[in-house]
Amino acid sequence: MIDWLAPAVPLFKAAHIVALVIWCGGLLALPLMLTRHDPNISIEDYRVVRNASHLTYTMCVTPAAVIAVIAGTWLIFLREVYVPWLFAKLAFVAMLVMAHGWIGHTLARIGEAPDEHTPPRPYIPIALVLLPMLMILTLVLAKPTLAWVVLPDWLTEPRSGQLLFDTPSR
Ligand code: HEM
């Protein structure tokens, strides 16, 4: 661990958890909001729900996702967790990122061609984000050893590589 950064671990963890709560909350709320993009509701209601979902996605959920990923990436190196459960967790995080992308894509299509849009049913997107969320929480809280998973050395041990530039000595 980089010694002088050790006291920052609780801060990174707090930032990680606050951001991922907002991110995951948004990934559950936005599919429900997408179902309200029904061309049959009044134009005024449509405008309100369109604005609300657009702002939620761009100003709240996406920044939270970025902060969660950046803080999580720092935590990998600060806590030196080069272990199988972390890599399993990252596979499930990739599913959340794909769900995030699908929501953004759907919002963009609604904006470009609102009349051609049929509101999606929320059940499948919600199930597809709930499953990885539950798996991630199980993995980070139980931290199973998953000893049967064989990983290459370069994934589990720091390479002690030399940077191309000088770094301050401790
Ligand atoms: C690229 C994305 C992510 C990365 C790189 C990442 C990485 C990490 C790391 C390295 C830790 C510290 C583990 C330790 O102290 O032993 C951590 C903690 C945690 N992560 Fe993530 N994470 C990511 C996304 C998520 C997501 C999406 C969730 C939830 C759905 C999540 C939930 C948690 C929780 C609850 C903790 C605290 C666990 C504890 O302290 O026992 N993470 N994360």
# chains A, B, ... in the order shown; residues from 1 in each chain; ligands from 1

call {"tool": "residues_near_ligand", "arguments": {"ligand": "ligand 1", "cutoff": "9 Å", "atoms": "only C-alpha atoms and all ligand atoms", "output": "PyMOL selection string"}}
result
chain A and resi 9+13-14+16-17+19-21+23-24+65-66+68-82+86-87+89-90+92-94+96-97+130+132-143

call {"tool": "select_by_dssp", "arguments": {"residues": "region 50-164 of chain A", "states": "alpha helix (DSSP H)", "output": "ChimeraX atom specification"}}
result
/A:50-55,62-79,84-112,123-142,153-156

call {"tool": "closest_residue", "arguments": {"among": "A:Ile110, A:Val61, A:Leu151, A:Met95", "to": "Leu27 (chain A)", "atoms": "only C-alpha atoms"}}
result
A:Val61

call {"tool": "atom_distance", "arguments": {"atom1": "CA of Pro84 (chain A)", "atom2": "CA of Thr156 (chain A)"}}
result
8.3 Å

call {"tool": "residues_around", "arguments": {"residues": "Asn51 (chain A)", "least_positions_apart": "3", "cutoff": "12 Å", "atoms": "only C-alpha atoms", "output": "ChimeraX atom specification"}}
result
/A:33-34,36-37,44-48,54-59,107,110-111

call {"tool": "atom_distance", "arguments": {"atom1": "CA of Thr62 (chain A)", "atom2": "CA of Val18 (chain A)"}}
result
13.5 Å
